Each structure stands twice: as C-alpha cells, then as structure tokens.
Amino acid sequence: MTLLQVDAISKAFGGVQAVQNMSFSLQAGELLALIGPNGAGKSTTFNMVGGQLVPDSGRVLLAGQDITGLAPRAIWRRGVGRTFQIAQTFASLTVVENVQLALLSADRRIFAWWPRAAGHRRGDALALLAQVDMQAQAERPCSALAYGDVKRVELAMALAHDPRLLLMDEPTAGMAPGERVALMQLTRRIARERSMGVLFTEHSMDVVFGQADRVAVLVRGQLLAQGTPQQMRDDPRVQQAYLGTGLVLENETTPP
Ligand SMILES: Nc1ncnc2c1ncn2[C@@H]1O[C@H](COP(=O)(O)OP(=O)(O)O)[C@@H](O)[C@H]1O
Ligand SMILES: [Mg+2]
C-alpha cells in the first residue's frame, strides 16, 4: 500500500500561493527528494504533511487514512516523525541521555519525570545509537560532538518512536559535502531496514542524485516534474527551472 499520498494540496499566505495543487506519493522504504529553488514551496509542503500547516484544499493520506488537518502531535502519533535542528538536542546532556529523552517522549511521558529518565530504556537508546553508528560516543555531552555527529544523534532521536514516515527538511544544511552524502546514505540504509519512507529536501545534488529513489521538482508552488534522479537531470524543463537560480544540477564533486 502507498505509505503517503498527497492529493492536490494547496496553501496560500495572503496573496502568495505558496503551494498549488501539489500531488505526489511515497512508498515504504523509499527516499523521495523534494527539490526546487528557494521559495518553491518545499517547507510549506512539509508542514502540511506534518500538521504544522492546514491545507486550504486537498488531502493527505497516510497508509490510506486521511490525516489532513490533524494536529502535529496526532500526526506524530500515527507514525510521522521529523528530524529537528541542533537546538532540539540538549547540549549539556550526553548523547545517550538525549536519545533516552526522545524515548520517554515516545512513551508519552512528560519531561517532569526527567529525574527518572536517566534509567529509562537505556538499552534501547544504545541500540538506536548503534543504528546510527554513534554508540561509541554515547557518554559524551552533545556539546562536544562534531556537527555531523549531532545530526546522527538527531536521526536516532527521530527514530525513537519508530516512525513509518520520516520528514527531513534540509537535513544536511551546514554540513560539508562528504558528510551530507554520509548522513543520507545512513538514512537510506535505515529506511530500507525499517521499511520507513523518507521525504526530504536537499540542495546538494550529490545527495539528491546519489541517494534519492525518486525526485519531485517544485517551482513557484507547483510540481514541475517527478521521476528518477536521472530522468530529472535529463529533463529540459528541470534544467530550465534551475537556470539563473545559482543552483546547479551537476554533482559538486565531479570535475567539469
Ligand atoms: N508563514 C508564511 N507567511 C507568509 N508567506 C510564507 C509563509 N511561509 C512561506 N511563505 C511563502 O511561501 C512561499 C514558499 O515558501 P517555502 O515553502 O518556505 O519555500 P521553500 O521551502 O521551497 O524555500 C514563499 O514565497 C514564502 O515567502
Ligand atoms: Mg524551506
């Protein structure tokens, strides 16, 4: 069954039609990249799937169930996770404590119980860290980690409630090119292992063309084209859309 079905969603902010009649679908275990110039409507689309924004029209179906307009927490409970930025981790806590907190939240307990969290599902937290290759750094404070490693911890935290669908809006922002590819390779491996769908936005074409199974190209709020990375790279409409934006459709590390 289709994991995520986005069916003709639209959203306007005042006079700005941020997203118009957007449709796409995503299967379990698949990585779909949403790409497009700044302001194309990628984040707005994400926020309509995650519940932070309510579409003006259209529907969002998760495994056939209508989740359109549900609150973010309700959508999260149905198995839609998202990675958050660095500020979402508690820098003074250790790596494993951060993941334990995420597990506590997944178990729907509240942070007032934090004094007890130190013992909460420590083994499960370490197992999640092992999945993102961070077990060796479990006892370090997050503040001492390299940026790419913080991103792995954030991924482990997002996995704590065992999402069916993971939303990642610009997950590799601020990372070096090699680190970006590594993070999304890891994400891809985990998505396959868990049969988890991943919807992500990304500016690095190395990541998009190397790691995405399919690519949807947004321009000015509309879906311009979708297909395999190779199909999108070869599509003259896509090349045209990227002209003059300063973004390139070539791999960054490939010499000209
Ligand atoms: N909360 C908002 N209020 C008003 N305009 C917004 C808001 N969010 C996004 N927009 C506008 O909607 C369009 C799409 O934005 P966004 O979805 O953030 O694009 P992207 O993530 O592709 O860069 C832009 O023109 C942006 O200025
Ligand atoms: Mg955005």
# chains A, B, ... in the order shown; residues from 1 in each chain; ligands from 1

$ closest_atom_pairs --of "chain A" --to "ligand 1" --cutoff "6 Å" --atoms "only C-alpha atoms and all ligand atoms" --output "tab-separated table"
residue	atom	partner	partner_atom_place_in_ligand_line	distance
A:Phe13	CA	ligand 1	4 (C)	4.7
A:Ala18	CA	ligand 1	12 (O)	3.9
A:Asn38	CA	ligand 1	23 (O)	3.8
A:Gly39	CA	ligand 1	19 (O)	3.4
A:Ala40	CA	ligand 1	22 (O)	3.8
A:Gly41	CA	ligand 1	17 (O)	3.2
A:Lys42	CA	ligand 1	22 (O)	3.6
A:Ser43	CA	ligand 1	21 (O)	3.7
A:Thr44	CA	ligand 1	17 (O)	3.7

$ write_last_selection --atoms "N, CA and C atoms" --output "CSV table (one decimal), in the first residue's frame"
chain,number,residue,atom,x,y,z
A,13,PHE,N,-0.7,32.1,1.5
A,13,PHE,CA,-0.4,33.1,2.6
A,13,PHE,C,-0.8,34.5,2.1
A,18,ALA,N,1.6,29.7,-2.0
A,18,ALA,CA,2.9,29.0,-1.7
A,18,ALA,C,2.9,27.6,-2.3
A,38,ASN,N,14.8,28.3,-3.9
A,38,ASN,CA,14.2,28.9,-2.7
A,38,ASN,C,12.8,29.5,-2.9
A,39,GLY,N,11.9,29.3,-2.0
A,39,GLY,CA,10.6,29.8,-2.1
A,39,GLY,C,9.7,29.0,-3.0
A,40,ALA,N,10.1,27.8,-3.4
A,40,ALA,CA,9.3,27.0,-4.3
A,40,ALA,C,8.1,26.3,-3.6
A,41,GLY,N,8.2,26.3,-2.3
A,41,GLY,CA,7.1,25.7,-1.5
A,41,GLY,C,7.4,24.4,-0.9
A,42,LYS,N,8.7,24.1,-0.7
A,42,LYS,CA,9.1,22.8,-0.2
A,42,LYS,C,8.7,22.7,1.3
A,43,SER,N,9.1,23.7,2.1
A,43,SER,CA,8.8,23.7,3.5
A,43,SER,C,7.3,23.7,3.8
A,44,THR,N,6.6,24.5,3.0
A,44,THR,CA,5.1,24.6,3.2
A,44,THR,C,4.5,23.2,2.9

$ closest_atom_pairs --of "region 35-64 of chain A" --to "region 224-244 of chain A" --cutoff "10 Å" --atoms "only C-alpha atoms" --output "Markdown table"
| residue | atom | partner | partner_atom | distance |
| --- | --- | --- | --- | --- |
| A:Ile35 | CA | A:Gln226 | CA | 10.0 |
| A:Gly36 | CA | A:Tyr242 | CA | 7.8 |
| A:Pro37 | CA | A:Tyr242 | CA | 7.2 |

$ residues_around --residues "Asp107 (chain A)" --least-positions-apart "3" --cutoff "8 Å" --atoms "only C-alpha atoms" --output "NGL selection string"
:A and (103-104 or 161)

$ atom_distance --atom1 "CA of Leu101 (chain A)" --atom2 "CA of Arg78 (chain A)"
19.5 Å

$ closest_residue --among "A:Gly69, A:Gly81, A:Gly15, A:Pro141" --to "Met168 (chain A)" --atoms "only C-alpha atoms"
A:Gly81

$ closest_residue --among "A:Ala8, A:Leu32, A:Met1, A:Glu154" --to "Arg188 (chain A)" --atoms "only C-alpha atoms"
A:Leu32

$ closest_residue --among "A:Val16, A:Ala212, A:Ala125, A:Leu218" --to "ligand 2" --atoms "only C-alpha atoms and all ligand atoms"
A:Leu218
